[in-house]
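Participant: You'll find my_file22.cif just under this line, and it carries mmCIF, N, CA and C atoms.
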```cif
data_upload
#
loop_
_atom_site.label_atom_id
_atom_site.label_comp_id
_atom_site.auth_asym_id
_atom_site.auth_seq_id
_atom_site.Cartn_x
_atom_site.Cartn_y
_atom_site.Cartn_z
N MET A 10 104.70 131.38 90.68
CA MET A 10 104.93 131.88 89.35
C MET A 10 103.61 132.12 88.62
N ARG A 11 102.66 131.26 88.88
CA ARG A 11 101.35 131.43 88.24
C ARG A 11 100.69 132.73 88.65
N ARG A 12 100.84 133.08 89.93
CA ARG A 12 100.25 134.35 90.38
C ARG A 12 100.93 135.53 89.74
N ARG A 13 102.25 135.46 89.63
CA ARG A 13 102.99 136.53 88.95
C ARG A 13 102.54 136.69 87.51
N LEU A 14 102.33 135.56 86.84
CA LEU A 14 101.88 135.58 85.46
C LEU A 14 100.49 136.18 85.34
N ALA A 15 99.59 135.75 86.23
CA ALA A 15 98.23 136.27 86.20
C ALA A 15 98.20 137.78 86.46
N SER A 16 98.98 138.23 87.42
CA SER A 16 98.99 139.67 87.71
C SER A 16 99.65 140.45 86.57
N ALA A 17 100.64 139.86 85.91
CA ALA A 17 101.27 140.53 84.76
C ALA A 17 100.29 140.63 83.60
N ILE A 18 99.47 139.60 83.41
CA ILE A 18 98.45 139.64 82.36
C ILE A 18 97.44 140.74 82.66
N ASP A 19 96.99 140.82 83.90
CA ASP A 19 96.05 141.87 84.29
C ASP A 19 96.64 143.26 84.08
N ALA A 20 97.90 143.44 84.48
CA ALA A 20 98.56 144.74 84.32
C ALA A 20 98.70 145.11 82.85
N ALA A 21 99.08 144.15 82.02
CA ALA A 21 99.23 144.42 80.59
C ALA A 21 97.89 144.77 79.96
N ARG A 22 96.85 144.10 80.43
CA ARG A 22 95.49 144.38 79.92
C ARG A 22 95.07 145.80 80.31
N GLN A 23 95.33 146.19 81.55
CA GLN A 23 94.97 147.53 82.01
C GLN A 23 95.78 148.61 81.31
N GLU A 24 97.04 148.33 81.01
CA GLU A 24 97.90 149.30 80.34
C GLU A 24 97.69 149.30 78.83
N ALA A 25 96.88 148.39 78.34
CA ALA A 25 96.62 148.24 76.90
C ALA A 25 97.92 147.98 76.13
N ASP A 26 98.83 147.20 76.73
CA ASP A 26 100.10 146.82 76.10
C ASP A 26 99.86 145.51 75.36
N SER A 27 99.43 145.61 74.12
CA SER A 27 99.00 144.42 73.38
C SER A 27 100.15 143.45 73.09
N ASP A 28 101.35 143.96 72.81
CA ASP A 28 102.48 143.06 72.55
C ASP A 28 102.81 142.23 73.79
N ARG A 29 102.90 142.89 74.92
CA ARG A 29 103.20 142.20 76.17
C ARG A 29 102.08 141.22 76.53
N LEU A 30 100.85 141.65 76.38
CA LEU A 30 99.71 140.80 76.69
C LEU A 30 99.71 139.54 75.83
N CYS A 31 100.02 139.69 74.56
CA CYS A 31 100.08 138.55 73.65
C CYS A 31 101.15 137.55 74.10
N THR A 32 102.32 138.04 74.44
CA THR A 32 103.40 137.15 74.89
C THR A 32 103.05 136.47 76.20
N LEU A 33 102.46 137.19 77.12
CA LEU A 33 102.06 136.60 78.40
C LEU A 33 101.01 135.52 78.19
N ARG A 34 100.11 135.76 77.29
CA ARG A 34 99.08 134.75 76.99
C ARG A 34 99.70 133.52 76.34
N LEU A 35 100.73 133.72 75.52
CA LEU A 35 101.45 132.57 74.94
C LEU A 35 102.09 131.72 76.03
N ILE A 36 102.67 132.39 77.01
CA ILE A 36 103.29 131.68 78.14
C ILE A 36 102.22 130.88 78.88
N LYS A 37 101.11 131.53 79.19
CA LYS A 37 100.03 130.85 79.91
C LYS A 37 99.49 129.67 79.11
N ALA A 38 99.34 129.85 77.80
CA ALA A 38 98.84 128.76 76.95
C ALA A 38 99.81 127.58 76.94
N ALA A 39 101.11 127.86 76.89
CA ALA A 39 102.10 126.77 76.89
C ALA A 39 102.04 125.99 78.20
N ILE A 40 101.88 126.71 79.31
CA ILE A 40 101.78 126.05 80.61
C ILE A 40 100.49 125.24 80.70
N ASP A 41 99.39 125.81 80.26
CA ASP A 41 98.10 125.11 80.28
C ASP A 41 98.12 123.87 79.40
N ASP A 42 98.75 123.97 78.21
CA ASP A 42 98.84 122.81 77.32
C ASP A 42 99.62 121.68 77.97
N ARG A 43 100.72 122.03 78.60
CA ARG A 43 101.55 121.00 79.26
C ARG A 43 100.78 120.36 80.42
N GLU A 44 100.01 121.16 81.14
CA GLU A 44 99.21 120.60 82.24
C GLU A 44 98.16 119.64 81.70
N ARG A 45 97.53 119.99 80.59
CA ARG A 45 96.53 119.09 79.99
C ARG A 45 97.18 117.78 79.58
N GLU A 46 98.38 117.85 79.00
CA GLU A 46 99.10 116.63 78.63
C GLU A 46 99.37 115.76 79.85
N LEU A 47 99.79 116.39 80.94
CA LEU A 47 100.07 115.65 82.17
C LEU A 47 98.82 114.99 82.72
N ARG A 48 97.73 115.73 82.73
CA ARG A 48 96.48 115.18 83.25
C ARG A 48 96.01 113.99 82.42
N ALA A 49 96.22 114.06 81.12
CA ALA A 49 95.79 112.98 80.24
C ALA A 49 96.63 111.71 80.45
N SER A 50 97.90 111.88 80.83
CA SER A 50 98.79 110.72 80.97
C SER A 50 99.02 110.29 82.41
N ASP A 51 98.69 111.12 83.38
CA ASP A 51 99.01 110.86 84.77
C ASP A 51 97.73 110.65 85.56
N GLU A 52 97.62 109.49 86.21
CA GLU A 52 96.41 109.20 86.98
C GLU A 52 96.28 110.10 88.20
N GLU A 53 97.41 110.42 88.83
CA GLU A 53 97.36 111.21 90.06
C GLU A 53 97.09 112.69 89.78
N GLY A 54 97.47 113.19 88.63
CA GLY A 54 97.20 114.58 88.27
C GLY A 54 97.87 115.59 89.18
N GLU A 55 99.15 115.39 89.46
CA GLU A 55 99.88 116.29 90.36
C GLU A 55 100.01 117.70 89.83
N GLY A 56 100.02 117.88 88.53
CA GLY A 56 100.18 119.21 87.95
C GLY A 56 101.64 119.57 87.79
N LEU A 57 101.85 120.77 87.31
CA LEU A 57 103.20 121.25 87.05
C LEU A 57 103.80 121.93 88.27
N GLY A 58 105.05 121.67 88.49
CA GLY A 58 105.76 122.36 89.55
C GLY A 58 106.53 123.54 88.98
N GLU A 59 107.19 124.27 89.85
CA GLU A 59 107.97 125.43 89.41
C GLU A 59 109.08 125.02 88.44
N ALA A 60 109.70 123.87 88.67
CA ALA A 60 110.77 123.41 87.79
C ALA A 60 110.23 123.11 86.39
N ASP A 61 109.03 122.53 86.33
CA ASP A 61 108.42 122.24 85.03
C ASP A 61 108.10 123.52 84.28
N ILE A 62 107.59 124.50 84.99
CA ILE A 62 107.27 125.78 84.36
C ILE A 62 108.55 126.47 83.89
N ALA A 63 109.59 126.39 84.68
CA ALA A 63 110.87 126.98 84.29
C ALA A 63 111.41 126.30 83.03
N ALA A 64 111.22 125.00 82.92
CA ALA A 64 111.66 124.28 81.72
C ALA A 64 110.87 124.72 80.49
N ILE A 65 109.58 124.93 80.65
CA ILE A 65 108.74 125.41 79.54
C ILE A 65 109.23 126.79 79.10
N LEU A 66 109.47 127.66 80.07
CA LEU A 66 109.94 129.01 79.76
C LEU A 66 111.31 128.98 79.09
N ALA A 67 112.19 128.11 79.56
CA ALA A 67 113.52 128.00 78.96
C ALA A 67 113.41 127.55 77.50
N THR A 68 112.50 126.63 77.22
CA THR A 68 112.28 126.18 75.85
C THR A 68 111.75 127.32 74.99
N MET A 69 110.79 128.06 75.51
CA MET A 69 110.25 129.19 74.78
C MET A 69 111.33 130.23 74.49
N LEU A 70 112.18 130.48 75.47
CA LEU A 70 113.26 131.44 75.29
C LEU A 70 114.24 130.97 74.22
N ARG A 71 114.60 129.70 74.27
CA ARG A 71 115.51 129.14 73.27
C ARG A 71 114.91 129.26 71.86
N GLN A 72 113.60 129.01 71.74
CA GLN A 72 112.94 129.14 70.44
C GLN A 72 113.03 130.57 69.92
N ARG A 73 112.82 131.54 70.82
CA ARG A 73 112.88 132.94 70.41
C ARG A 73 114.29 133.31 69.96
N GLU A 74 115.29 132.83 70.69
CA GLU A 74 116.67 133.16 70.34
C GLU A 74 117.05 132.56 68.99
N GLU A 75 116.58 131.36 68.70
CA GLU A 75 116.84 130.74 67.40
C GLU A 75 116.12 131.51 66.29
N SER A 76 114.92 131.97 66.58
CA SER A 76 114.17 132.75 65.59
C SER A 76 114.87 134.07 65.29
N VAL A 77 115.41 134.72 66.31
CA VAL A 77 116.13 135.98 66.11
C VAL A 77 117.28 135.75 65.14
N ARG A 78 118.06 134.69 65.35
CA ARG A 78 119.18 134.40 64.46
C ARG A 78 118.70 134.17 63.03
N GLY A 79 117.64 133.39 62.90
CA GLY A 79 117.11 133.11 61.57
C GLY A 79 116.59 134.36 60.86
N TYR A 80 115.88 135.19 61.58
CA TYR A 80 115.35 136.41 60.99
C TYR A 80 116.47 137.37 60.61
N GLU A 81 117.50 137.46 61.46
CA GLU A 81 118.60 138.36 61.14
C GLU A 81 119.37 137.88 59.91
N GLU A 82 119.55 136.57 59.79
CA GLU A 82 120.25 136.02 58.63
C GLU A 82 119.48 136.26 57.34
N SER A 83 118.16 136.27 57.43
CA SER A 83 117.35 136.49 56.23
C SER A 83 117.00 137.96 56.02
N GLY A 84 117.53 138.84 56.87
CA GLY A 84 117.32 140.27 56.70
C GLY A 84 115.96 140.78 57.17
N ARG A 85 115.26 140.03 57.98
CA ARG A 85 113.94 140.45 58.47
C ARG A 85 114.08 141.00 59.88
N LEU A 86 114.66 142.17 59.96
CA LEU A 86 115.05 142.75 61.23
C LEU A 86 113.85 143.12 62.11
N GLU A 87 112.73 143.51 61.52
CA GLU A 87 111.56 143.85 62.33
C GLU A 87 111.01 142.62 63.06
N LEU A 88 111.06 141.47 62.41
CA LEU A 88 110.62 140.24 63.08
C LEU A 88 111.63 139.81 64.14
N ALA A 89 112.90 140.02 63.87
CA ALA A 89 113.93 139.69 64.86
C ALA A 89 113.74 140.54 66.11
N GLU A 90 113.42 141.82 65.93
CA GLU A 90 113.21 142.70 67.08
C GLU A 90 111.98 142.27 67.89
N GLN A 91 110.94 141.84 67.20
CA GLN A 91 109.73 141.37 67.90
C GLN A 91 110.06 140.13 68.73
N GLU A 92 110.85 139.23 68.18
CA GLU A 92 111.25 138.03 68.92
C GLU A 92 112.10 138.40 70.14
N ARG A 93 112.97 139.39 69.99
CA ARG A 93 113.79 139.86 71.12
C ARG A 93 112.91 140.40 72.24
N ARG A 94 111.88 141.17 71.88
CA ARG A 94 110.97 141.71 72.90
C ARG A 94 110.25 140.57 73.63
N GLU A 95 109.81 139.56 72.88
CA GLU A 95 109.15 138.41 73.51
C GLU A 95 110.12 137.69 74.44
N ALA A 96 111.37 137.54 74.01
CA ALA A 96 112.37 136.86 74.83
C ALA A 96 112.59 137.60 76.14
N GLU A 97 112.61 138.92 76.10
CA GLU A 97 112.79 139.71 77.33
C GLU A 97 111.63 139.50 78.30
N ILE A 98 110.43 139.43 77.77
CA ILE A 98 109.26 139.20 78.63
C ILE A 98 109.34 137.82 79.26
N ILE A 99 109.74 136.82 78.48
CA ILE A 99 109.87 135.46 79.01
C ILE A 99 110.94 135.41 80.09
N ARG A 100 112.07 136.11 79.88
CA ARG A 100 113.16 136.13 80.87
C ARG A 100 112.71 136.66 82.23
N GLU A 101 111.73 137.56 82.23
CA GLU A 101 111.23 138.11 83.49
C GLU A 101 110.71 137.03 84.43
N PHE A 102 110.22 135.93 83.87
CA PHE A 102 109.60 134.89 84.67
C PHE A 102 110.54 133.73 84.97
N LEU A 103 111.70 133.71 84.34
CA LEU A 103 112.68 132.66 84.63
C LEU A 103 113.45 133.01 85.90
N PRO A 104 113.84 132.00 86.65
CA PRO A 104 114.67 132.27 87.83
C PRO A 104 116.01 132.85 87.39
N ARG A 105 116.65 133.59 88.29
CA ARG A 105 117.94 134.19 87.99
C ARG A 105 118.96 133.11 87.65
N PRO A 106 119.65 133.24 86.51
CA PRO A 106 120.64 132.22 86.15
C PRO A 106 121.85 132.29 87.08
N LEU A 107 122.50 131.16 87.25
CA LEU A 107 123.70 131.10 88.09
C LEU A 107 124.86 131.80 87.38
N SER A 108 125.71 132.45 88.14
CA SER A 108 126.91 133.07 87.58
C SER A 108 127.92 131.95 87.28
N GLU A 109 129.01 132.33 86.62
CA GLU A 109 130.06 131.35 86.32
C GLU A 109 130.62 130.74 87.60
N ASP A 110 130.87 131.58 88.60
CA ASP A 110 131.42 131.09 89.87
C ASP A 110 130.42 130.17 90.57
N GLU A 111 129.15 130.55 90.57
CA GLU A 111 128.13 129.71 91.20
C GLU A 111 127.99 128.38 90.47
N THR A 112 128.12 128.42 89.14
CA THR A 112 128.05 127.18 88.36
C THR A 112 129.22 126.28 88.70
N ARG A 113 130.43 126.85 88.75
CA ARG A 113 131.61 126.04 89.11
C ARG A 113 131.45 125.42 90.49
N ALA A 114 130.95 126.19 91.44
CA ALA A 114 130.75 125.67 92.80
C ALA A 114 129.70 124.57 92.81
N ALA A 115 128.61 124.75 92.06
CA ALA A 115 127.56 123.74 92.00
C ALA A 115 128.07 122.45 91.36
N VAL A 116 128.88 122.59 90.31
CA VAL A 116 129.46 121.41 89.66
C VAL A 116 130.38 120.67 90.63
N ALA A 117 131.22 121.41 91.33
CA ALA A 117 132.14 120.79 92.30
C ALA A 117 131.36 120.09 93.41
N GLU A 118 130.30 120.73 93.89
CA GLU A 118 129.47 120.13 94.94
C GLU A 118 128.79 118.86 94.44
N ALA A 119 128.28 118.89 93.21
CA ALA A 119 127.59 117.71 92.65
C ALA A 119 128.57 116.57 92.44
N ILE A 120 129.78 116.87 92.00
CA ILE A 120 130.79 115.82 91.81
C ILE A 120 131.15 115.21 93.16
N ALA A 121 131.33 116.04 94.17
CA ALA A 121 131.68 115.53 95.50
C ALA A 121 130.53 114.72 96.09
N THR A 122 129.32 115.19 95.95
CA THR A 122 128.16 114.51 96.53
C THR A 122 127.91 113.15 95.88
N THR A 123 128.06 113.09 94.55
CA THR A 123 127.83 111.83 93.85
C THR A 123 129.05 110.93 93.86
N LYS A 124 130.18 111.44 94.39
CA LYS A 124 131.44 110.70 94.43
C LYS A 124 131.87 110.25 93.03
N ALA A 125 131.66 111.15 92.07
CA ALA A 125 132.03 110.87 90.68
C ALA A 125 133.54 110.85 90.54
N ALA A 126 134.04 109.87 89.78
CA ALA A 126 135.48 109.74 89.60
C ALA A 126 135.88 109.70 88.13
N THR A 127 134.98 109.22 87.27
CA THR A 127 135.30 109.11 85.85
C THR A 127 134.16 109.69 85.03
N LEU A 128 134.38 109.76 83.72
CA LEU A 128 133.34 110.27 82.83
C LEU A 128 132.09 109.40 82.84
N ARG A 129 132.23 108.15 83.24
CA ARG A 129 131.06 107.27 83.34
C ARG A 129 130.08 107.76 84.39
N ASP A 130 130.56 108.55 85.33
CA ASP A 130 129.71 109.09 86.40
C ASP A 130 129.06 110.41 86.02
N MET A 131 129.32 110.88 84.81
CA MET A 131 128.82 112.19 84.40
C MET A 131 127.29 112.25 84.43
N GLY A 132 126.62 111.18 84.08
CA GLY A 132 125.15 111.16 84.09
C GLY A 132 124.58 111.43 85.47
N ALA A 133 125.19 110.86 86.48
CA ALA A 133 124.72 111.07 87.85
C ALA A 133 124.92 112.52 88.28
N VAL A 134 126.05 113.08 87.89
CA VAL A 134 126.33 114.48 88.24
C VAL A 134 125.34 115.40 87.54
N MET A 135 125.11 115.17 86.24
CA MET A 135 124.16 116.00 85.49
C MET A 135 122.74 115.85 86.05
N SER A 136 122.36 114.66 86.43
CA SER A 136 121.03 114.46 87.01
C SER A 136 120.86 115.27 88.28
N ARG A 137 121.89 115.27 89.10
CA ARG A 137 121.82 116.05 90.34
C ARG A 137 121.70 117.54 90.04
N LEU A 138 122.50 118.02 89.10
CA LEU A 138 122.46 119.44 88.74
C LEU A 138 121.10 119.83 88.16
N LYS A 139 120.57 118.99 87.29
CA LYS A 139 119.27 119.29 86.67
C LYS A 139 118.15 119.29 87.70
N ALA A 140 118.26 118.45 88.71
CA ALA A 140 117.24 118.41 89.75
C ALA A 140 117.33 119.63 90.66
N ARG A 141 118.53 120.10 90.93
CA ARG A 141 118.71 121.21 91.88
C ARG A 141 118.64 122.60 91.25
N TYR A 142 118.97 122.70 89.94
CA TYR A 142 119.05 124.01 89.31
C TYR A 142 118.27 124.08 87.99
N PRO A 143 117.01 123.67 87.98
CA PRO A 143 116.26 123.71 86.71
C PRO A 143 116.04 125.15 86.26
N GLY A 144 116.35 125.40 85.00
CA GLY A 144 116.14 126.72 84.45
C GLY A 144 117.12 127.79 84.90
N ARG A 145 118.08 127.42 85.74
CA ARG A 145 119.02 128.41 86.27
C ARG A 145 120.44 128.19 85.78
N MET A 146 120.70 127.05 85.16
CA MET A 146 122.07 126.71 84.80
C MET A 146 122.14 126.37 83.32
N ASP A 147 123.23 126.78 82.69
CA ASP A 147 123.50 126.37 81.31
C ASP A 147 124.16 125.00 81.40
N PHE A 148 123.40 123.96 81.09
CA PHE A 148 123.88 122.59 81.28
C PHE A 148 124.95 122.20 80.26
N CYS A 149 125.01 122.89 79.13
CA CYS A 149 126.10 122.63 78.18
C CYS A 149 127.44 123.06 78.79
N LYS A 150 127.45 124.24 79.38
CA LYS A 150 128.68 124.72 80.04
C LYS A 150 129.02 123.85 81.24
N ALA A 151 128.00 123.45 81.99
CA ALA A 151 128.23 122.59 83.15
C ALA A 151 128.82 121.25 82.70
N GLY A 152 128.31 120.72 81.60
CA GLY A 152 128.84 119.46 81.07
C GLY A 152 130.30 119.57 80.71
N ALA A 153 130.68 120.69 80.11
CA ALA A 153 132.09 120.90 79.77
C ALA A 153 132.95 120.97 81.02
N GLN A 154 132.43 121.64 82.06
CA GLN A 154 133.18 121.72 83.31
C GLN A 154 133.33 120.34 83.95
N ILE A 155 132.27 119.55 83.90
CA ILE A 155 132.32 118.21 84.47
C ILE A 155 133.36 117.37 83.73
N ARG A 156 133.34 117.44 82.39
CA ARG A 156 134.30 116.68 81.58
C ARG A 156 135.74 117.07 81.91
N SER A 157 135.96 118.36 82.12
CA SER A 157 137.33 118.79 82.41
C SER A 157 137.81 118.29 83.77
N VAL A 158 136.89 118.12 84.71
CA VAL A 158 137.25 117.65 86.06
C VAL A 158 137.38 116.13 86.08
N LEU A 159 136.49 115.43 85.39
CA LEU A 159 136.43 113.96 85.50
C LEU A 159 137.33 113.20 84.53
N ARG A 160 137.93 113.79 83.61
CA ARG A 160 138.77 113.12 82.61
C ARG A 160 139.12 111.77 83.01
#
```
Could you express the structure from this file as structure tokens?

Facilitator:
Amino acid sequence: MRRRLASAIDAARQEADSDRLCTLRLIKAAIDDRERELRASDEEGEGLGEADIAAILATMLRQREESVRGYEESGRLELAEQERREAEIIREFLPRPLSEDETRAAVAEAIATTKAATLRDMGAVMSRLKARYPGRMDFCKAGAQIRSVLR
């Protein structure tokens, strides 16, 4: 993902696409900041994995979507449109989200694998899903599906 980001930054720079370049640099800065935090707290200094980067991107995307709603409610449509463009650029680097059917299958597999029987087992099921599908699954919807199965 880092190579994709670096090549996208180079391409945006060559095309003189300042809006795209700015957003890509924001992504890179967020990743670099998180890596610095990890290095400061972690003796081994393993760095960020793809799942960590996907989580950073998902957070950035969620922030943009919240900003769009806020700007639209206050009538600042030009700022809302700018946030939408940034969100689209961020989405390019996120892994493909699971479809509804894929999510249902993943939830069923996680319940079977963890041998979950009651709602008390929901934490184990969610942990498995978060480990296997970081940045690809809507965990709120998955939680609702788990609750409906485990009652």

Participant: Excluding Ile98 in chain A and any residue of its chain fewer than 6 positions from it, enumerate the residues within 8 Å of it, using all atoms listed in the file, and give them as an NGL selection string.

Facilitator: :A and (29 or 32-33 or 92)

Participant: Within 6.5 Å of range 72-83 of chain A, counting all atoms listed in the file, which residues qualify if same-chain residues fewer than 4 places away don't, as a list in words?

Facilitator: Ala67, Thr68, Leu88, Ala89, Glu90, Glu92, Arg93 and Ala96 of chain A

Participant: Give the answer as one residue: which of A:Met69, A:Ala39, A:Val134, A:Glu24 has the shortest atom-to-atom distance to Ala121 in chain A, using all atoms listed in the file?

Facilitator: A:Val134

Participant: Given the file shown, determine the residues that the PyMOL selection byres (((chain A and resi 141-150 and name CA) around 9) and name CA) selects; report them as an NGL selection string.

Facilitator: :A and (59-67 or 103-108 or 112 or 115 or 135-140 or 151-155)

Participant: When distances are computed from only N, CA and C atoms, which of A:Met10, A:Leu159, A:Cys31, A:Leu47 shows the smallest separation from Met131 in chain A?

Facilitator: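 Closest residue, counting only N, CA and C atoms: A:Leu159.
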
Participant: If you run DSSP on the backbone, which residues of range 42-81 of chain A are helix (DSSP H, G or I), as a PyMOL selection string?

Facilitator: chain A and resi 42-50+59-81

Participant: Just the selected residues (N, CA and C atoms), exported as a tab-separated table (two decimals), keeping the file's coordinate frame, please.

Facilitator:
```
chain	number	residue	atom	x	y	z
A	42	ASP	N	98.75	123.97	78.21
A	42	ASP	CA	98.84	122.81	77.32
A	42	ASP	C	99.62	121.68	77.97
A	43	ARG	N	100.72	122.03	78.60
A	43	ARG	CA	101.55	121.00	79.26
A	43	ARG	C	100.78	120.36	80.42
A	44	GLU	N	100.01	121.16	81.14
A	44	GLU	CA	99.21	120.60	82.24
A	44	GLU	C	98.16	119.64	81.70
A	45	ARG	N	97.53	119.99	80.59
A	45	ARG	CA	96.53	119.09	79.99
A	45	ARG	C	97.18	117.78	79.58
A	46	GLU	N	98.38	117.85	79.00
A	46	GLU	CA	99.10	116.63	78.63
A	46	GLU	C	99.37	115.76	79.85
A	47	LEU	N	99.79	116.39	80.94
A	47	LEU	CA	100.07	115.65	82.17
A	47	LEU	C	98.82	114.99	82.72
A	48	ARG	N	97.73	115.73	82.73
A	48	ARG	CA	96.48	115.18	83.25
A	48	ARG	C	96.01	113.99	82.42
A	49	ALA	N	96.22	114.06	81.12
A	49	ALA	CA	95.79	112.98	80.24
A	49	ALA	C	96.63	111.71	80.45
A	50	SER	N	97.90	111.88	80.83
A	50	SER	CA	98.79	110.72	80.97
A	50	SER	C	99.02	110.29	82.41
A	59	GLU	N	107.19	124.27	89.85
A	59	GLU	CA	107.97	125.43	89.41
A	59	GLU	C	109.08	125.02	88.44
A	60	ALA	N	109.70	123.87	88.67
A	60	ALA	CA	110.77	123.41	87.79
A	60	ALA	C	110.23	123.11	86.39
A	61	ASP	N	109.03	122.53	86.33
A	61	ASP	CA	108.42	122.24	85.03
A	61	ASP	C	108.10	123.52	84.28
A	62	ILE	N	107.59	124.50	84.99
A	62	ILE	CA	107.27	125.78	84.36
A	62	ILE	C	108.55	126.47	83.89
A	63	ALA	N	109.59	126.39	84.68
A	63	ALA	CA	110.87	126.98	84.29
A	63	ALA	C	111.41	126.30	83.03
A	64	ALA	N	111.22	125.00	82.92
A	64	ALA	CA	111.66	124.28	81.72
A	64	ALA	C	110.87	124.72	80.49
A	65	ILE	N	109.58	124.93	80.65
A	65	ILE	CA	108.74	125.41	79.54
A	65	ILE	C	109.23	126.79	79.10
A	66	LEU	N	109.47	127.66	80.07
A	66	LEU	CA	109.94	129.01	79.76
A	66	LEU	C	111.31	128.98	79.09
A	67	ALA	N	112.19	128.11	79.56
A	67	ALA	CA	113.52	128.00	78.96
A	67	ALA	C	113.41	127.55	77.50
A	68	THR	N	112.50	126.63	77.22
A	68	THR	CA	112.28	126.18	75.85
A	68	THR	C	111.75	127.32	74.99
A	69	MET	N	110.79	128.06	75.51
A	69	MET	CA	110.25	129.19	74.78
A	69	MET	C	111.33	130.23	74.49
A	70	LEU	N	112.18	130.48	75.47
A	70	LEU	CA	113.26	131.44	75.29
A	70	LEU	C	114.24	130.97	74.22
A	71	ARG	N	114.60	129.70	74.27
A	71	ARG	CA	115.51	129.14	73.27
A	71	ARG	C	114.91	129.26	71.86
A	72	GLN	N	113.60	129.01	71.74
A	72	GLN	CA	112.94	129.14	70.44
A	72	GLN	C	113.03	130.57	69.92
A	73	ARG	N	112.82	131.54	70.82
A	73	ARG	CA	112.88	132.94	70.41
A	73	ARG	C	114.29	133.31	69.96
A	74	GLU	N	115.29	132.83	70.69
A	74	GLU	CA	116.67	133.16	70.34
A	74	GLU	C	117.05	132.56	68.99
A	75	GLU	N	116.58	131.36	68.70
A	75	GLU	CA	116.84	130.74	67.40
A	75	GLU	C	116.12	131.51	66.29
A	76	SER	N	114.92	131.97	66.58
A	76	SER	CA	114.17	132.75	65.59
A	76	SER	C	114.87	134.07	65.29
A	77	VAL	N	115.41	134.72	66.31
A	77	VAL	CA	116.13	135.98	66.11
A	77	VAL	C	117.28	135.75	65.14
A	78	ARG	N	118.06	134.69	65.35
A	78	ARG	CA	119.18	134.40	64.46
A	78	ARG	C	118.70	134.17	63.03
A	79	GLY	N	117.64	133.39	62.90
A	79	GLY	CA	117.11	133.11	61.57
A	79	GLY	C	116.59	134.36	60.86
A	80	TYR	N	115.88	135.19	61.58
A	80	TYR	CA	115.35	136.41	60.99
A	80	TYR	C	116.47	137.37	60.61
A	81	GLU	N	117.50	137.46	61.46
A	81	GLU	CA	118.60	138.36	61.14
A	81	GLU	C	119.37	137.88	59.91
```

Participant: If you measure from CA of Leu30 in chain A to CA of Ile18 in chain A, what distance in Å do you get, rounded to one decimal?

Facilitator: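 If I compute the distance from CA of Leu30 in chain A to CA of Ile18 in chain A, I get 5.9 Å.
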
Participant: Nearest residue to Arg129 in chain A out of A:Arg160, A:Asp41, A:Arg34, A:Arg71, using only N, CA and C atoms?

Facilitator: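 Using only N, CA and C atoms, Arg129 in chain A sits closest to A:Arg160.
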